[in-house]
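Asker: Before I ask anything, let me first share the structure, which is written out below as structure tokens.
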Amino acid sequence: MKVVINDCHGGFGLTDAALNEYKIRKGVTDPNFYYYDIPRDCPVLVEMVERGDVDGTYSDLKVVEIPDGVNWYIEEYDGMEHVAERHRTWS
């Protein structure tokens, strides 16, 4: 499975042109739809990032591969992200 993360301090974001391209390709008509509404494992987003030139002002987006079936989430510090696996905890 491929997931998009931001690989620098600043935060995940797309250029306006990239967001518009995504909306067109996915048929999004909601005027309130923004890049943070995009699932990070969306194949269209992954393909756009792999193609390049979609990084927002404070972003350096990259695609990471994780094993299929992993219960994952994106962890972030100061905008720099990594994919982590959810684990069970009890207390």
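Residue numbering restarts at 1 in every chain; chains get A, B, ... in the order shown in the structure tokens, and ligands count up from 1 in that same order.
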Excluding region 57-71 of chain A and its own-chain neighbours fewer than 3 positions away, which residues fall within 10 Å of it when counting only C-alpha atoms? Please give them as JSON, numbers by chain.
Answerer: {"A": [1, 2, 3, 4, 5, 6, 7, 8, 9, 10, 11, 12, 13, 14, 15, 40, 41, 45, 46, 47, 49, 50, 52, 53, 54, 79, 80, 81, 82, 83, 84, 85, 86, 87]}
Asker: Mind the document's chain letters and residue numbers, and return as a list in words the residues of chain A that DSSP labels strand (DSSP E).
Answerer: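 DSSP on the backbone gives strand (DSSP E) at Lys2, Val3, Val4, Ile5, Asn6, Leu61, Lys62, Val63, Val64, Glu65, Trp72, Tyr73, Ile74, Glu75, Glu76, Tyr77, Met80, Glu81, His82, Val83, Ala84 and Glu85 of chain A.
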Asker: DSSP on the backbone: what in region 11-48 of chain A comes out alpha helix (DSSP H), as number ranges by chain?
Answerer: A: 16-26, 43-48
Asker: Write out the residues from the selection above, keeping all heavy atoms, as a compact mmCIF listing (two decimals), in the first residue's frame.
Answerer:
```txt
# COMPACT_ATOMS: atom_id res chain seq x y z
N ASP A 16 -2.29 25.11 -5.46
CA ASP A 16 -3.66 25.34 -5.92
C ASP A 16 -3.94 24.57 -7.20
O ASP A 16 -5.00 23.97 -7.37
CB ASP A 16 -3.93 26.83 -6.13
CG ASP A 16 -3.98 27.61 -4.82
OD1 ASP A 16 -4.21 26.99 -3.76
OD2 ASP A 16 -3.80 28.84 -4.87
N ALA A 17 -2.96 24.55 -8.10
CA ALA A 17 -3.12 23.83 -9.37
C ALA A 17 -3.29 22.33 -9.12
O ALA A 17 -4.12 21.68 -9.77
CB ALA A 17 -1.93 24.09 -10.29
N ALA A 18 -2.51 21.78 -8.19
CA ALA A 18 -2.61 20.36 -7.89
C ALA A 18 -3.96 20.03 -7.25
O ALA A 18 -4.58 19.01 -7.57
CB ALA A 18 -1.47 19.92 -6.99
N LEU A 19 -4.43 20.88 -6.34
CA LEU A 19 -5.74 20.65 -5.73
C LEU A 19 -6.83 20.69 -6.78
O LEU A 19 -7.74 19.85 -6.78
CB LEU A 19 -6.00 21.68 -4.63
CG LEU A 19 -7.35 21.54 -3.93
CD1 LEU A 19 -7.48 20.17 -3.25
CD2 LEU A 19 -7.53 22.65 -2.91
N ASN A 20 -6.76 21.65 -7.69
CA ASN A 20 -7.76 21.73 -8.76
C ASN A 20 -7.71 20.50 -9.66
O ASN A 20 -8.76 19.97 -10.06
CB ASN A 20 -7.57 23.00 -9.58
CG ASN A 20 -7.99 24.23 -8.82
OD1 ASN A 20 -8.84 24.17 -7.94
ND2 ASN A 20 -7.40 25.36 -9.15
N GLU A 21 -6.50 20.03 -9.98
CA GLU A 21 -6.37 18.82 -10.79
C GLU A 21 -7.00 17.62 -10.08
O GLU A 21 -7.71 16.83 -10.69
CB GLU A 21 -4.90 18.52 -11.09
CG GLU A 21 -4.71 17.24 -11.88
CD GLU A 21 -3.26 16.84 -12.06
OE1 GLU A 21 -2.36 17.68 -11.88
OE2 GLU A 21 -3.03 15.65 -12.39
N TYR A 22 -6.73 17.51 -8.78
CA TYR A 22 -7.30 16.41 -8.00
C TYR A 22 -8.83 16.47 -8.05
O TYR A 22 -9.49 15.45 -8.27
CB TYR A 22 -6.81 16.47 -6.55
CG TYR A 22 -7.37 15.34 -5.71
CD1 TYR A 22 -6.72 14.12 -5.66
CD2 TYR A 22 -8.55 15.50 -5.00
CE1 TYR A 22 -7.23 13.07 -4.92
CE2 TYR A 22 -9.08 14.46 -4.26
CZ TYR A 22 -8.42 13.24 -4.22
OH TYR A 22 -8.95 12.21 -3.49
N LYS A 23 -9.38 17.64 -7.82
CA LYS A 23 -10.84 17.79 -7.83
C LYS A 23 -11.43 17.38 -9.18
O LYS A 23 -12.46 16.70 -9.23
CB LYS A 23 -11.23 19.24 -7.52
CG LYS A 23 -11.03 19.66 -6.09
CD LYS A 23 -11.44 21.12 -5.96
CE LYS A 23 -11.44 21.61 -4.57
NZ LYS A 23 -11.87 23.02 -4.47
N ILE A 24 -10.79 17.79 -10.25
CA ILE A 24 -11.27 17.43 -11.59
C ILE A 24 -11.20 15.92 -11.79
O ILE A 24 -12.16 15.30 -12.24
CB ILE A 24 -10.47 18.18 -12.68
CG1 ILE A 24 -10.82 19.67 -12.64
CG2 ILE A 24 -10.73 17.59 -14.06
CD1 ILE A 24 -9.88 20.55 -13.44
N ARG A 25 -10.07 15.34 -11.44
CA ARG A 25 -9.88 13.90 -11.66
C ARG A 25 -10.83 13.06 -10.82
O ARG A 25 -11.25 11.99 -11.23
CB ARG A 25 -8.43 13.51 -11.39
CG ARG A 25 -7.48 14.07 -12.44
CD ARG A 25 -6.05 13.74 -12.19
NE ARG A 25 -5.82 12.30 -12.25
CZ ARG A 25 -4.63 11.73 -12.07
NH1 ARG A 25 -3.57 12.49 -11.84
NH2 ARG A 25 -4.50 10.43 -12.12
N LYS A 26 -11.18 13.52 -9.63
CA LYS A 26 -12.07 12.78 -8.74
C LYS A 26 -13.53 13.22 -8.85
O LYS A 26 -14.39 12.64 -8.20
CB LYS A 26 -11.60 12.92 -7.29
CG LYS A 26 -10.26 12.27 -6.99
CD LYS A 26 -10.29 10.76 -7.14
CE LYS A 26 -11.01 10.12 -5.99
NZ LYS A 26 -11.03 8.65 -6.03
N PRO A 43 -5.25 6.59 -4.55
CA PRO A 43 -4.37 6.33 -5.70
C PRO A 43 -4.13 7.54 -6.59
O PRO A 43 -3.03 7.70 -7.15
CB PRO A 43 -5.11 5.23 -6.47
CG PRO A 43 -5.97 4.57 -5.45
CD PRO A 43 -6.37 5.65 -4.49
N VAL A 44 -5.11 8.43 -6.73
CA VAL A 44 -4.92 9.63 -7.54
C VAL A 44 -3.88 10.55 -6.90
O VAL A 44 -2.98 11.05 -7.56
CB VAL A 44 -6.26 10.38 -7.77
CG1 VAL A 44 -6.04 11.73 -8.42
CG2 VAL A 44 -7.21 9.53 -8.59
N LEU A 45 -3.97 10.75 -5.59
CA LEU A 45 -2.98 11.56 -4.88
C LEU A 45 -1.60 10.94 -4.98
O LEU A 45 -0.62 11.64 -5.27
CB LEU A 45 -3.37 11.73 -3.41
CG LEU A 45 -2.38 12.50 -2.54
CD1 LEU A 45 -2.24 13.95 -3.01
CD2 LEU A 45 -2.79 12.43 -1.08
N VAL A 46 -1.51 9.64 -4.77
CA VAL A 46 -0.23 8.94 -4.85
C VAL A 46 0.39 9.15 -6.22
O VAL A 46 1.58 9.49 -6.35
CB VAL A 46 -0.39 7.44 -4.53
CG1 VAL A 46 0.86 6.67 -4.88
CG2 VAL A 46 -0.76 7.24 -3.07
N GLU A 47 -0.39 8.97 -7.26
CA GLU A 47 0.12 9.13 -8.63
C GLU A 47 0.59 10.56 -8.88
O GLU A 47 1.64 10.78 -9.49
CB GLU A 47 -0.96 8.73 -9.64
CG GLU A 47 -0.50 8.73 -11.08
CD GLU A 47 -0.67 10.07 -11.76
OE1 GLU A 47 -1.68 10.74 -11.49
OE2 GLU A 47 0.21 10.46 -12.55
N MET A 48 -0.14 11.54 -8.39
CA MET A 48 0.24 12.94 -8.58
C MET A 48 1.56 13.24 -7.87
O MET A 48 2.42 13.93 -8.41
CB MET A 48 -0.87 13.87 -8.08
CG MET A 48 -2.11 13.85 -8.96
SD MET A 48 -3.50 14.79 -8.26
CE MET A 48 -2.83 16.45 -8.24
```
Asker: Between CA of Gly56 (chain A) and CA of Tyr35 (chain A), measure the distance and give it in Å to one decimal.
Answerer: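 These two atoms are separated by 9.9 Å.
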